[in-house]
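Quick look at target.txt (compact mmCIF, C-alpha atoms and all ligand atoms):
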# COMPACT_ATOMS: atom_id res chain seq x y z
CA MET A 19 1.44 13.39 -5.56
CA ALA A 20 1.64 15.68 -2.52
CA ALA A 21 -0.07 18.56 -4.36
CA GLU A 22 -2.98 16.33 -5.39
CA VAL A 23 -3.35 15.02 -1.81
CA LEU A 24 -3.43 18.62 -0.51
CA ASP A 25 -5.99 19.52 -3.11
CA ALA A 26 -8.14 16.58 -1.98
CA LEU A 27 -7.85 17.12 1.79
CA LYS A 28 -7.78 20.95 1.75
CA PRO A 29 -6.03 21.19 5.14
CA LYS A 30 -7.00 24.19 7.24
CA PRO A 31 -5.83 25.71 10.52
CA GLY A 32 -7.32 23.82 13.47
CA GLY A 33 -8.01 20.75 11.29
CA ARG A 34 -6.98 17.24 12.37
CA TYR A 35 -5.37 14.87 9.88
CA ALA A 36 -3.99 11.34 9.84
CA ASP A 37 -1.22 9.94 7.63
CA GLY A 38 -1.04 6.13 7.85
CA THR A 39 2.06 5.87 5.64
CA LEU A 40 4.45 8.55 6.86
CA GLY A 41 7.54 7.32 4.98
CA GLY A 42 9.87 10.31 4.74
CA ALA A 43 6.99 12.58 5.92
CA GLY A 44 6.78 14.55 2.66
CA HIS A 45 2.97 14.45 2.61
CA ALA A 46 2.77 14.89 6.39
CA ALA A 47 4.95 18.02 6.23
CA SER A 48 2.88 19.53 3.46
CA ILE A 49 -0.37 18.84 5.39
CA LEU A 50 1.08 20.47 8.52
CA ALA A 51 2.36 23.45 6.52
CA ALA A 52 -1.00 23.94 4.82
CA SER A 53 -2.87 23.72 8.16
CA SER A 54 -0.52 26.13 9.98
CA PRO A 55 -0.44 27.37 12.63
CA THR A 56 -2.82 25.06 14.52
CA GLY A 57 -3.50 21.96 12.36
CA TRP A 58 -2.70 18.58 13.98
CA LEU A 59 -1.34 15.41 12.40
CA SER A 60 -1.43 11.85 13.76
CA GLY A 61 0.92 9.66 11.74
CA CYS A 62 2.22 6.13 11.64
CA ASP A 63 4.43 3.83 9.64
CA ARG A 64 5.26 0.20 10.32
CA ASP A 65 8.91 0.84 9.39
CA GLY A 66 11.03 1.94 12.37
CA VAL A 67 13.58 3.71 10.14
CA ALA A 68 10.80 5.74 8.48
CA VAL A 69 9.27 6.64 11.85
CA GLU A 70 12.56 8.02 13.15
CA ALA A 71 13.17 10.00 9.93
CA ALA A 72 9.62 11.38 9.99
CA LYS A 73 9.87 12.44 13.65
CA LYS A 74 13.12 14.26 12.97
CA ARG A 75 11.83 16.02 9.88
CA LEU A 76 8.52 17.13 11.41
CA ALA A 77 10.11 18.23 14.72
CA GLU A 78 12.22 20.82 12.86
CA LYS A 79 9.21 22.90 11.79
CA PHE A 80 6.09 21.55 13.42
CA ALA A 81 7.02 20.71 17.02
CA GLY A 82 3.96 20.24 19.26
CA ARG A 83 1.59 19.70 16.34
CA PHE A 84 1.87 15.96 15.69
CA GLU A 85 1.86 12.52 17.26
CA ILE A 86 3.77 9.70 15.58
CA ARG A 87 3.52 6.02 16.38
CA ARG A 88 5.16 3.00 14.88
CA GLY A 89 2.61 0.50 13.64
CA ASN A 90 0.33 -0.76 10.92
CA PHE A 91 -2.28 1.72 9.67
CA SER A 92 -4.84 -1.06 10.07
CA GLY A 93 -4.68 -0.24 13.82
CA MET A 94 -5.17 3.55 13.47
CA ALA A 95 -8.62 3.50 15.07
CA GLU A 96 -7.12 2.01 18.25
CA TRP A 97 -5.24 5.23 19.05
CA ILE A 98 -6.88 7.96 16.95
CA ALA A 99 -10.29 9.02 18.28
CA GLU A 100 -13.42 8.05 16.39
CA LYS A 101 -14.83 10.81 14.14
CA SER A 102 -11.91 13.13 14.98
CA CYS A 103 -10.20 13.62 11.60
CA ASP A 104 -10.92 16.08 8.80
CA GLY A 105 -8.70 14.10 6.45
CA VAL A 106 -6.89 10.76 6.28
CA THR A 107 -4.29 9.78 3.72
CA LEU A 108 -2.60 6.53 2.71
CA ASP A 109 0.25 6.46 0.18
CA LEU A 110 0.64 2.72 -0.28
CA GLY A 111 3.56 0.52 -1.20
CA VAL A 112 7.27 0.83 -0.56
CA SER A 113 9.25 4.02 -0.10
CA SER A 114 12.37 4.96 -2.05
CA PRO A 115 14.62 4.50 1.02
CA GLN A 116 13.23 0.96 1.42
CA LEU A 117 13.77 0.13 -2.27
CA ASP A 118 17.20 1.71 -2.36
CA SER A 119 18.60 -0.05 0.75
CA ALA A 120 20.05 -3.35 -0.47
CA GLU A 121 19.94 -4.82 3.05
CA ARG A 122 16.13 -4.51 3.18
CA GLY A 123 15.88 -7.03 0.36
CA PHE A 124 13.11 -5.33 -1.67
CA SER A 125 15.08 -4.88 -4.86
CA PHE A 126 16.19 -7.34 -7.52
CA GLN A 127 18.60 -4.71 -8.77
CA GLN A 128 20.83 -4.89 -5.72
CA ASP A 129 22.04 -7.93 -3.85
CA GLY A 130 20.83 -8.28 -0.30
CA PRO A 131 19.13 -10.72 2.05
CA LEU A 132 15.78 -12.02 0.79
CA ASP A 133 13.90 -10.11 3.49
CA MET A 134 11.26 -7.57 2.29
CA ARG A 135 9.76 -6.89 5.74
CA MET A 136 8.49 -3.35 6.16
CA ASP A 137 8.38 -3.99 9.92
CA ASP A 138 11.53 -5.80 11.06
CA ARG A 139 9.83 -6.86 14.32
CA GLN A 140 7.86 -9.32 12.20
CA LYS A 141 9.30 -12.84 11.97
CA LEU A 142 8.21 -13.90 8.49
CA THR A 143 10.57 -12.91 5.65
CA ALA A 144 10.51 -13.45 1.89
CA ALA A 145 13.17 -16.15 2.33
CA ASP A 146 10.78 -18.06 4.62
CA LEU A 147 8.10 -18.05 1.91
CA VAL A 148 10.50 -19.00 -0.88
CA ASN A 149 12.14 -21.80 1.14
CA ASP A 150 9.10 -23.23 2.93
CA LEU A 151 5.97 -22.95 0.77
CA SER A 152 4.91 -25.67 -1.67
CA ALA A 153 5.15 -25.04 -5.43
CA GLU A 154 1.33 -24.62 -5.53
CA GLU A 155 1.37 -22.04 -2.74
CA LEU A 156 4.20 -20.09 -4.36
CA ALA A 157 2.53 -20.15 -7.78
CA LYS A 158 -0.68 -18.83 -6.18
CA ILE A 159 1.21 -15.89 -4.64
CA PHE A 160 3.03 -15.09 -7.92
CA TRP A 161 -0.23 -15.20 -9.85
CA GLU A 162 -2.59 -13.49 -7.40
CA PHE A 163 -0.27 -10.76 -6.12
CA GLY A 164 1.94 -10.33 -9.19
CA GLY A 165 -0.22 -11.41 -12.14
CA GLU A 166 2.82 -13.47 -13.21
CA ARG A 167 1.89 -15.68 -16.17
CA GLU A 168 4.82 -18.03 -15.64
CA SER A 169 3.91 -18.48 -11.97
CA ARG A 170 3.88 -22.30 -12.08
CA LYS A 171 7.13 -22.58 -14.01
CA PHE A 172 8.94 -20.22 -11.61
CA ALA A 173 7.49 -21.90 -8.51
CA LYS A 174 8.51 -25.39 -9.66
CA ALA A 175 12.04 -24.21 -10.47
CA ILE A 176 12.36 -22.61 -7.02
CA VAL A 177 11.31 -25.83 -5.30
CA ARG A 178 13.80 -27.81 -7.46
CA ASP A 179 16.68 -25.39 -6.81
CA ARG A 180 16.15 -25.04 -3.08
CA ALA A 181 16.62 -28.79 -2.62
CA GLN A 182 20.31 -28.11 -3.46
CA ARG A 183 20.70 -24.73 -1.75
CA LYS A 184 18.27 -22.60 0.24
CA PHE A 185 17.44 -19.15 -1.14
CA GLU A 186 19.11 -16.48 0.94
CA THR A 187 19.65 -13.48 -1.32
CA THR A 188 17.72 -11.32 -3.76
CA LYS A 189 20.37 -11.98 -6.41
CA GLN A 190 19.94 -15.76 -6.16
CA LEU A 191 16.21 -15.45 -6.84
CA ALA A 192 16.51 -12.75 -9.51
CA GLU A 193 19.15 -14.79 -11.38
CA LEU A 194 17.03 -17.94 -11.35
CA ILE A 195 14.05 -16.06 -12.83
CA GLU A 196 16.28 -14.41 -15.42
CA ARG A 197 17.64 -17.83 -16.47
CA LEU A 198 14.08 -19.14 -16.89
CA ALA A 199 12.77 -16.05 -18.69
CA PRO A 200 15.57 -14.15 -20.43
CA ARG A 201 14.82 -10.48 -21.02
CA HIS A 202 15.06 -10.52 -24.85
CA GLY A 203 15.32 -6.73 -24.95
CA LYS A 204 12.31 -6.19 -22.66
CA LYS A 205 12.58 -3.09 -20.49
CA SER A 206 11.39 -4.57 -17.21
CA HIS A 207 13.34 -7.20 -15.30
CA PRO A 208 11.68 -10.65 -15.54
CA ALA A 209 11.65 -10.90 -11.73
CA THR A 210 9.62 -7.68 -11.26
CA LYS A 211 6.29 -9.43 -10.69
CA VAL A 212 7.70 -12.19 -8.51
CA PHE A 213 9.36 -9.61 -6.24
CA GLN A 214 6.18 -7.52 -6.06
CA ALA A 215 4.12 -10.61 -5.22
CA LEU A 216 6.47 -11.76 -2.47
CA ARG A 217 6.54 -8.27 -0.94
CA ILE A 218 2.74 -8.09 -0.89
CA ALA A 219 2.53 -11.54 0.73
CA VAL A 220 5.27 -10.96 3.33
CA ASN A 221 3.67 -7.71 4.47
CA ASP A 222 0.04 -8.86 4.15
CA GLU A 223 -0.50 -5.69 2.15
CA ILE A 224 -3.99 -6.48 0.88
CA GLY A 225 -5.29 -7.56 4.30
CA SER A 226 -3.76 -4.45 5.90
CA LEU A 227 -5.30 -2.22 3.25
CA LYS A 228 -8.81 -3.64 3.77
CA ARG A 229 -8.55 -3.21 7.55
CA GLY A 230 -6.91 0.21 7.13
CA LEU A 231 -9.75 1.53 4.97
CA ASP A 232 -12.28 0.48 7.63
CA ALA A 233 -10.15 2.16 10.31
CA ALA A 234 -9.96 5.34 8.22
CA VAL A 235 -13.76 5.58 7.96
CA LYS A 236 -14.04 5.19 11.74
CA ILE A 237 -11.65 8.05 12.54
CA LEU A 238 -13.04 10.44 9.91
CA LYS A 239 -15.50 13.14 10.94
CA PRO A 240 -18.71 13.38 8.91
CA GLY A 241 -17.71 15.37 5.83
CA GLY A 242 -14.03 14.34 6.25
CA ARG A 243 -12.03 13.05 3.29
CA LEU A 244 -9.96 9.96 2.60
CA ALA A 245 -7.20 10.17 -0.05
CA VAL A 246 -5.54 6.89 -1.07
CA ILE A 247 -2.64 6.51 -3.50
CA THR A 248 -2.20 3.02 -4.96
CA PHE A 249 0.63 1.66 -7.10
CA HIS A 250 -0.83 -1.43 -8.73
CA SER A 251 -4.15 -2.68 -9.98
CA LEU A 252 -4.69 -5.12 -7.10
CA GLU A 253 -4.57 -2.31 -4.51
CA ASP A 254 -6.62 -0.03 -6.71
CA ARG A 255 -9.29 -2.71 -7.08
CA VAL A 256 -9.56 -3.01 -3.27
CA VAL A 257 -10.01 0.78 -2.94
CA LYS A 258 -12.53 0.89 -5.80
CA GLU A 259 -14.59 -1.98 -4.35
CA PHE A 260 -14.49 -0.41 -0.89
CA GLY A 261 -15.66 2.95 -2.29
CA ARG A 262 -18.37 1.34 -4.39
CA GLU A 263 -19.72 -0.50 -1.34
CA LYS A 264 -19.65 2.61 0.88
CA ALA A 265 -21.22 4.84 -1.80
CA ARG A 266 -24.15 2.49 -2.50
CA ASP A 267 -27.57 3.79 -1.47
CA TYR A 268 -28.89 0.32 -0.70
CA SER A 269 -27.77 -2.82 1.09
CA PHE A 270 -28.46 -6.45 0.26
CA SER A 271 -28.17 -9.60 2.30
CA GLY A 272 -26.20 -12.60 1.05
CA GLU A 273 -23.52 -12.83 -1.60
CA VAL A 274 -25.47 -11.72 -4.65
CA ASP A 275 -27.03 -8.32 -5.33
CA VAL A 276 -30.61 -9.15 -6.40
CA PRO A 277 -32.41 -5.87 -7.31
CA GLU A 278 -35.73 -7.04 -5.78
CA LEU A 279 -34.10 -7.71 -2.40
CA ARG A 280 -32.33 -4.34 -2.04
CA GLN A 281 -32.89 -2.36 1.16
CA PRO A 282 -32.55 1.44 0.79
CA ARG A 283 -29.95 3.09 3.03
CA ALA A 284 -28.03 6.36 3.22
CA PRO A 285 -24.58 5.98 1.60
CA GLU A 286 -21.71 6.05 4.10
CA MET A 287 -19.36 7.85 1.70
CA LYS A 288 -19.29 9.47 -1.73
CA TRP A 289 -16.61 9.67 -4.42
CA VAL A 290 -15.06 13.12 -4.71
CA SER A 291 -14.02 12.37 -8.28
CA ARG A 292 -15.32 9.49 -10.36
CA LYS A 293 -11.98 8.82 -12.01
CA ALA A 294 -8.60 8.15 -10.44
CA ILE A 295 -6.29 11.19 -10.31
CA LEU A 296 -2.93 10.56 -12.03
CA PRO A 297 0.45 12.24 -11.51
CA GLY A 298 1.14 15.34 -13.62
CA GLU A 299 3.85 15.65 -16.29
CA THR A 300 6.32 17.41 -13.97
CA GLU A 301 6.06 14.72 -11.28
CA LEU A 302 6.46 11.97 -13.88
CA LYS A 303 9.66 13.61 -15.09
CA GLU A 304 11.05 14.24 -11.62
CA ASN A 305 10.02 10.90 -10.14
CA PRO A 306 9.65 8.09 -12.70
CA ARG A 307 8.51 5.72 -9.88
CA SER A 308 5.26 7.70 -9.73
CA ARG A 309 4.22 6.45 -13.19
CA SER A 310 1.85 3.81 -11.81
CA ALA A 311 0.41 5.95 -8.98
CA GLN A 312 -3.33 6.60 -8.85
CA LEU A 313 -5.13 8.73 -6.27
CA ARG A 314 -8.74 8.08 -5.25
CA VAL A 315 -10.68 10.37 -2.93
CA LEU A 316 -13.82 9.62 -0.89
CA GLU A 317 -15.80 11.86 1.45
CA LYS A 318 -17.65 10.59 4.52
CA SER A 319 -21.34 11.43 4.46
CA ASN A 320 -22.53 14.20 6.74
CA GLN A 321 -25.11 12.03 8.48
CA LYS A 322 -22.60 9.34 9.53
C1 LIG B 401 5.25 5.32 -0.60
S1 LIG B 401 5.84 5.42 1.02
C2 LIG B 401 5.08 6.85 1.69
C3 LIG B 401 5.81 8.12 1.37
C4 LIG B 401 5.25 9.33 2.10
N1 LIG B 401 3.92 9.68 1.65
C5 LIG B 401 6.16 10.53 1.97
O1 LIG B 401 5.65 11.61 1.70
O2 LIG B 401 7.37 10.39 2.17
C6 LIG B 401 4.97 4.14 1.81
C7 LIG B 401 5.26 3.97 3.30
O3 LIG B 401 4.15 3.29 3.86
C8 LIG B 401 4.58 2.36 4.79
N2 LIG B 401 3.54 1.34 4.88
C9 LIG B 401 3.11 0.52 3.90
N3 LIG B 401 2.11 -0.25 4.35
C10 LIG B 401 1.89 0.11 5.64
C11 LIG B 401 0.97 -0.31 6.64
N4 LIG B 401 0.09 -1.27 6.41
N5 LIG B 401 1.01 0.31 7.84
C12 LIG B 401 1.91 1.30 8.09
N6 LIG B 401 2.82 1.72 7.19
C13 LIG B 401 2.81 1.13 5.99
C14 LIG B 401 5.91 1.87 4.26
O4 LIG B 401 6.71 1.38 5.33
C15 LIG B 401 6.48 3.16 3.63
O5 LIG B 401 7.30 3.84 4.54

Show me the file's structure as structure tokens.
Ligand SMILES: C[S@@+](CC[C@H](N)C(=O)[O-])C[C@H]1O[C@@H](n2cnc3c(N)ncnc32)[C@H](O)[C@@H]1O
Amino acid sequence: MAAEVLDALKPKPGGRYADGTLGGAGHAASILAASSPTGWLSGCDRDGVAVEAAKKRLAEKFAGRFEIRRGNFSGMAEWIAEKSCDGVTLDLGVSSPQLDSAERGFSFQQDGPLDMRMDDRQKLTAADLVNDLSAEELAKIFWEFGGERESRKFAKAIVRDRAQRKFETTKQLAELIERLAPRHGKKSHPATKVFQALRIAVNDEIGSLKRGLDAAVKILKPGGRLAVITFHSLEDRVVKEFGREKARDYSFSGEVDVPELRQPRAPEMKWVSRKAILPGETELKENPRSRSAQLRVLEKSNQK
């Protein structure tokens, strides 16, 4: 959705932008091209392979106009100056190179180690979760991060199976789920939700997103824009709730919003479009993985 991100951020020469999810630097390159000849981009990714690929790609055309660091976007405000950016973008989830590399362990379609770490400096892997958590803890992950209806059944079977042999590979886990829930002609693989849930848990994706959104507001200039692409409803809900809270013109103390106890305040941000922006027909045809993408855009208030 590079075109939609450009349309949201409207990069201009001299502008300063941040991309917290560089990946293959497709969005970063289009932001730098659109802000030529003097726009600046600060970018990060927690994946070392992505960082190297992004550096190489951007150096070819945009040398001297970017700074790239390896790290979680939740830490962006530690190295990008407060109120310095005209636009910030996050394109959440996994990249195609991550999904397509069997050895990264993200995919149930290829056999590889049960890993799923975006940042391989981290210790915790998917195998650790699958082999060490209780059935209750696993079921909670499958349900909360994957919306998997058979979460308890799958979790119990994992705990039973691992008493004989620890889970080491993606194939081992995918085959167990397939045995428990045969496809019966369904299009999606029965392990889709379990794999998504484990990936979200291993990489603390929801926690990172919440902290990353706060960091993005800090580094945005008044009037600057934040464009976030999500790939599943859990992420989208976090972005929607964040936007709703920032766009409210009142605050309230405590857990519950009681109209009589509201305190008026200037909203910190406003929605640029009420509805999520979806990929166009051409993108859907060219990149079927974009089918669940949704873009939401917020603008920081001028007073803040
Ligand atoms: C969908 S890809 C981004 C693709 C990119 N927009 C492009 O044009 O190529 C998502 C990337 O975000 C990275 N990522 C996900 N969560 C992250 C986080 N919390 N901090 C830093 N990078 C993260 C992943 O490692 C992956 O490389």

Compute the set of protein, DNA and RNA residues whose minimum atom distance to ligand LIG 401 (chain B) is at most 9 Å, using all atoms listed in the file, and state it as an MDAnalysis selection string.
-> chainID A and resid 19:20 37:48 62:69 72 88:94 107:116 135:137 221:227 229:230 247:249

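Between CA of Ile295 in chain A and CA of Val257 in chain A the interatomic distance comes to 13.3 Å.
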
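Rounded to one decimal, CA of Arg255 in chain A and CA of Ala219 in chain A lie 16.7 Å from each other.
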
Selected residue, from A:Thr210, A:Gln190, A:Gln182, A:Ser54, that lies nearest to Phe160 in chain A when counting all atoms listed in the file =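 Comparing A:Thr210, A:Gln190, A:Gln182, A:Ser54 against Phe160 in chain A, the winner is A:Thr210.
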
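Within the 10 Å cut-off around Arg183 in chain A, using only C-alpha atoms and omitting residues fewer than 4 positions from it on the same chain, the listed residues are Asn149, Arg178 and Asp179 of chain A.
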
Got time to write the residues from that selection, C-alpha atoms, as a PDB file, in the frame of the given file?
ATOM      1  CA  ASN A 149      12.140 -21.800   1.140  1.00  0.00           C
ATOM      2  CA  ARG A 178      13.800 -27.810  -7.460  1.00  0.00           C
ATOM      3  CA  ASP A 179      16.680 -25.390  -6.810  1.00  0.00           C
TER       4      ASP A 179
END

All residues 12 Å or closer to Gly261 in chain A, all atoms listed in the file, same chain fewer than 6 positions away omitted, as a count of residues only = 25

Interatomic distance, CA of Val23 in chain A to CA of Ala234 in chain A (Å, one decimal) =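 Taking CA of Val23 in chain A as the start and CA of Ala234 in chain A as the end point, the length is 15.4 Å.
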
Near-range 196-208 of chain A list (12 Å; only C-alpha atoms; drop same-chain fewer than 5 positions) as a VMD selection string | chain A and resid 125 to 127 164 166 to 176 189 to 191 213 to 214

Taking only residues of range 193-256 of chain A that have an atom at most 8 Å from an atom of range 138-146 of chain A, what is each one's shortest atom pair and its distance in Å to one decimal, using only C-alpha atoms, in chain and number order, as a Markdown table?
| residue | atom | partner | partner_atom | distance |
| --- | --- | --- | --- | --- |
| A:Leu216 | CA | A:Ala144 | CA | 6.2 |
| A:Arg217 | CA | A:Ala144 | CA | 7.1 |
| A:Val220 | CA | A:Ala144 | CA | 6.0 |

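Distances to Asp150 in chain A were evaluated for A:Ala181, A:Ile86, A:Leu279, A:Ala120 using all atoms listed in the file, and the minimum falls at A:Ala181.
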
Check the smallest atom-to-atom distance from each of A:Phe84, A:Tyr268, A:Trp97, A:Phe124 to Tyr35 in chain A using all atoms listed in the file, then report the winner.
-> A:Phe84

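If all atoms listed in the file are the atoms counted, then among A:His250, A:Leu24, A:Ala71, A:Phe80 the closest residue to Leu50 in chain A is A:Phe80.
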
So which residues touch Gly33 in chain A within 9 Å, counting all atoms listed in the file, skipping near sequence neighbours fewer than 5 positions away, as a PyMOL selection string?
-> chain A and resi 53+56-59+103-105

Print the selection's residues with C-alpha atoms to a file, as a PDB file, keeping the file's coordinate frame.
ATOM      1  CA  SER A  53      -2.870  23.720   8.160  1.00  0.00           C
ATOM      2  CA  THR A  56      -2.820  25.060  14.520  1.00  0.00           C
ATOM      3  CA  GLY A  57      -3.500  21.960  12.360  1.00  0.00           C
ATOM      4  CA  TRP A  58      -2.700  18.580  13.980  1.00  0.00           C
ATOM      5  CA  LEU A  59      -1.340  15.410  12.400  1.00  0.00           C
ATOM      6  CA  CYS A 103     -10.200  13.620  11.600  1.00  0.00           C
ATOM      7  CA  ASP A 104     -10.920  16.080   8.800  1.00  0.00           C
ATOM      8  CA  GLY A 105      -8.700  14.100   6.450  1.00  0.00           C
TER       9      GLY A 105
END
